[in-house]
Amino acid sequence: MTNDNEAFLEQLRELQALFLNELPGIQHELAIHLEAYRNQNNDDSLRAILKILHGLAGSSSTFGCDDLGFMSREAERDIIYKQNNHEAVDLIHCDAADFIDKVIHYRPAPKPELNIYTAFNQDEKHDQTKTLYMLEDNETYAQNMILQLSSYNYECQHFSDPEAFVEAVKEAKPDVLVVDIQIDQEEDKGLQVLNHIKQTLGIEIPAVIFTVRTDFEAMLQAERSGANAFLAKPVEADTLVYEIDRLLEQHDHSEHYKVLIIDDDSRLAKHHSLILAKAGIESHYISDPTLTEQALSDVNPDLILMDIYMPKCNGIELAHIIRFHPQYVHIPIVFLSTEGQISKQLAALRKGGDDFLTKPISNEHLCEAIRIRAARSRRLVDMMNKDSLSGLLKHGCMQERLSTELKRAKRTHANFSFVMIDIDHFKRVNDEYGHLTGDRVIKSLARLLQTRLRAIDIAARYGGEEFALILLNCSTSNAKNIVEELRETFAAQTFSTEQHNFQLTFSAGIAHSSNMDGPVAINQAADEALYLAKNSGRNQTKIFGED
Amino acid sequence: MAKILLVEDDDMIRKMLDLRLSMKGHQVETRENGKLGYEEALANDYDAVLMDMHMPVMDGHEAASTLRNEGYKGLIIAVTASVMAQDTDSAIQSGCNFFIAKPVGADFEQQVETYIESFASV
């Protein structure tokens, strides 16, 4: 980062500090204006309230207070909506009032991080190295495991003494624990240690147990001691990594679900939207069913909530139509209706609905029902769409995404860069070191991509040693910077087998989405660029259309 | 490196977006309400005008349509609170070319840069 930019960043940090300092005062002011408005209903107070909400909505997220920004925006939106529809704004019995209350009582985290993208700066990279503490009395086995785990971005520490292990865990709180069930010939020592850590000390860390017995009784005991996963010995490093990855993902998993609400009664739709929003579920609503296809594409929801009886087309027909699209077959459709007749409810489900909730329904019930179904749907979708080895999207899914993003880019002019990456001389790795090592390389690159790319970017494994990326809102020159950094990092990585160390490189081709009329065209373009990279000596990145 | 006019009435937001864009090497000019905003847009050349659609003092929709009525052909990017078609459509109808959803995310600067590139290449 240049000196100028450093200076700006410093100023931004100062601004953040100012924001956080002023926040309590602003919240107090908001409370006063709210009180005044409730008593007198005067325009000045409402204007003051809107001004404060507007300010908070616009800046909170950048300064690391996401929730505050969200709540302020929802409150602001609700008030403006009412004003536009010439409805009374009483700020006593309405959603805006609830949100404003939350805004007033919001407390930021102790050290909120600036929510800006300064990626690919070595000093500020979001470190994804996870710490792993292992309790294992077989020294050679442990050392071997640790050697292999190191190429997966795990920082490992090994203990053979249970007491030292417990002390270290208390001290350092690693990201994951790996415990052998049998320590120093004591059959269930590992379980006891884990139980002590989890139950007695109350330290919650994902834990993997190496078991000997795999009968139900053993599993039950392990589960009761606080194990999150059990693997039967002998355990391969790859298997262990797979389990740990899975555990850590679940542990960090921020359950952010998106719901699309379709209801011709827009006030009701908005109302439900706000209820879900308060429960932390992002929701968008449309009151015109003919906009469904576009909304599905824009929002990409985890669940659809809809009313059955709508003038233009009834919900059952709409559900059926939605299911015509293969990419939306999996989205749970939940009907919300006053329909009490079981026969009609069943008919709805037959046509493509998944569930029926009858109105009136309590807010808690609605949110819980939605969240459970959205969560399960997510898990299923992930299983369907993701390649199990790399955790990235599968080829077919990527093609669908490409198609969606190309359409969106045409509509909104927000273009993206498509990148194809191919590991150089990968066949040699499988031939010389075996497929397990080859798998490890694939996993390693996949993780590199996942940790270094932004949350909005999309990564897929095209099969074999080929990967593809969609970098949203990204010019080809920016994309090249990103890919070059990835290339250099990957090239610098050393892989170890028991007898050898080796290094690898990859070649990459980039194509821009503008002027591409479909997935085939952009695939071809990126492929050509990749081909050029390979033919120019490999270990480099080429942009389509540029030599 | 682009010349950007930022029209935003909230002090904190204005300073914050100014810094964020400056950090990426852009030249940023700011105005604190819609009226001053459109006057400045007509007076000088900008690669993009960033207009908040929900300014309490002068509505962003009004400022944008006024600019278009005065014959302004430059790029106007709306900063909107919702990305649903019906809300963004009204921003586009007022004369904005593209929109960015509020609250702005970590990739705000890149979105702006992409729009500037798109607009320039048309």
# chains A, B, ... in the order shown; residues from 1 in each chain; ligands from 1
$ residues_around --residues "segment 49-64 of chain A" --least-positions-apart "6" --cutoff "8 Å" --atoms "only C-alpha atoms" --output "JSON, numbers by chain"
{"A": [16, 19, 26, 30, 33, 34, 70, 71, 72, 73, 75, 76, 112, 113, 114, 115, 116], "B": [10, 12, 13, 16, 54, 55, 56, 102, 103, 104, 105, 106]}
$ select_by_dssp --residues "segment 312-440 of chain A" --states "alpha helix (DSSP H)" --output "VMD selection string"
chain A and resid 315 to 324 342 to 350 363 to 385 395 to 412 426 to 433 435 to 440
$ residues_around --residues "Glu236 of chain A" --least-positions-apart "6" --cutoff "12 Å" --atoms "only C-alpha atoms" --output "tab-separated table (two decimals) with N, CA and C atoms, in the first residue's frame"
chain	number	residue	atom	x	y	z
A	141	TYR	N	3.69	-41.71	15.34
A	141	TYR	CA	2.42	-41.48	14.67
A	141	TYR	C	2.07	-40.00	14.69
A	142	ALA	N	2.22	-39.40	15.87
A	142	ALA	CA	1.89	-37.98	16.02
A	142	ALA	C	2.75	-37.11	15.12
A	144	ASN	N	4.30	-37.83	12.42
A	144	ASN	CA	3.95	-38.06	11.02
A	144	ASN	C	2.69	-37.28	10.64
A	145	MET	N	1.69	-37.35	11.51
A	145	MET	CA	0.44	-36.63	11.26
A	145	MET	C	0.70	-35.14	11.15
A	146	ILE	N	1.48	-34.65	12.10
A	146	ILE	CA	1.72	-33.21	12.15
A	146	ILE	C	2.44	-32.72	10.91
A	148	GLN	N	2.20	-33.92	7.96
A	148	GLN	CA	1.24	-33.84	6.86
A	148	GLN	C	0.23	-32.72	7.05
A	149	LEU	N	-0.16	-32.51	8.29
A	149	LEU	CA	-1.15	-31.47	8.56
A	149	LEU	C	-0.61	-30.07	8.23
A	210	PHE	N	-9.84	-40.20	18.39
A	210	PHE	CA	-9.40	-41.40	17.67
A	210	PHE	C	-9.88	-42.59	18.48
A	242	TYR	N	-10.24	-33.64	6.55
A	242	TYR	CA	-11.62	-33.54	6.05
A	242	TYR	C	-12.60	-33.33	7.21
A	243	GLU	N	-12.45	-34.15	8.25
A	243	GLU	CA	-13.33	-34.03	9.41
A	243	GLU	C	-13.17	-32.68	10.10
A	436	LEU	N	-3.32	-40.09	-3.19
A	436	LEU	CA	-3.63	-39.44	-1.92
A	436	LEU	C	-2.90	-38.11	-1.81
A	437	THR	N	-1.65	-38.11	-2.24
A	437	THR	CA	-0.90	-36.86	-2.22
A	437	THR	C	-1.50	-35.88	-3.21
A	440	ARG	N	-4.33	-34.26	-1.75
A	440	ARG	CA	-3.90	-33.26	-0.77
A	440	ARG	C	-3.57	-31.94	-1.45
$ residues_around --residues "Ala319 of chain A" --least-positions-apart "5" --cutoff "7 Å" --atoms "only C-alpha atoms" --output "PyMOL selection string"
chain A and resi 351-353
$ closest_residue --among "B:Asp59, B:Glu29, B:Asp47, B:Glu117" --to "chain A" --atoms "only C-alpha atoms"
B:Glu117
$ atom_distance --atom1 "atom CA of Leu530 of chain A" --atom2 "atom CA of Glu485 of chain A"
16.6 Å
$ select_by_dssp --residues "segment 88-219 of chain A" --states "strand (DSSP E or B)" --output "MDAnalysis selection string"
chainID A and resid 130:135 154:159 176:180 183 186 207:211
$ atom_distance --atom1 "atom CA of Gln503 of chain A" --atom2 "atom CA of Asp424 of chain A"
10.5 Å
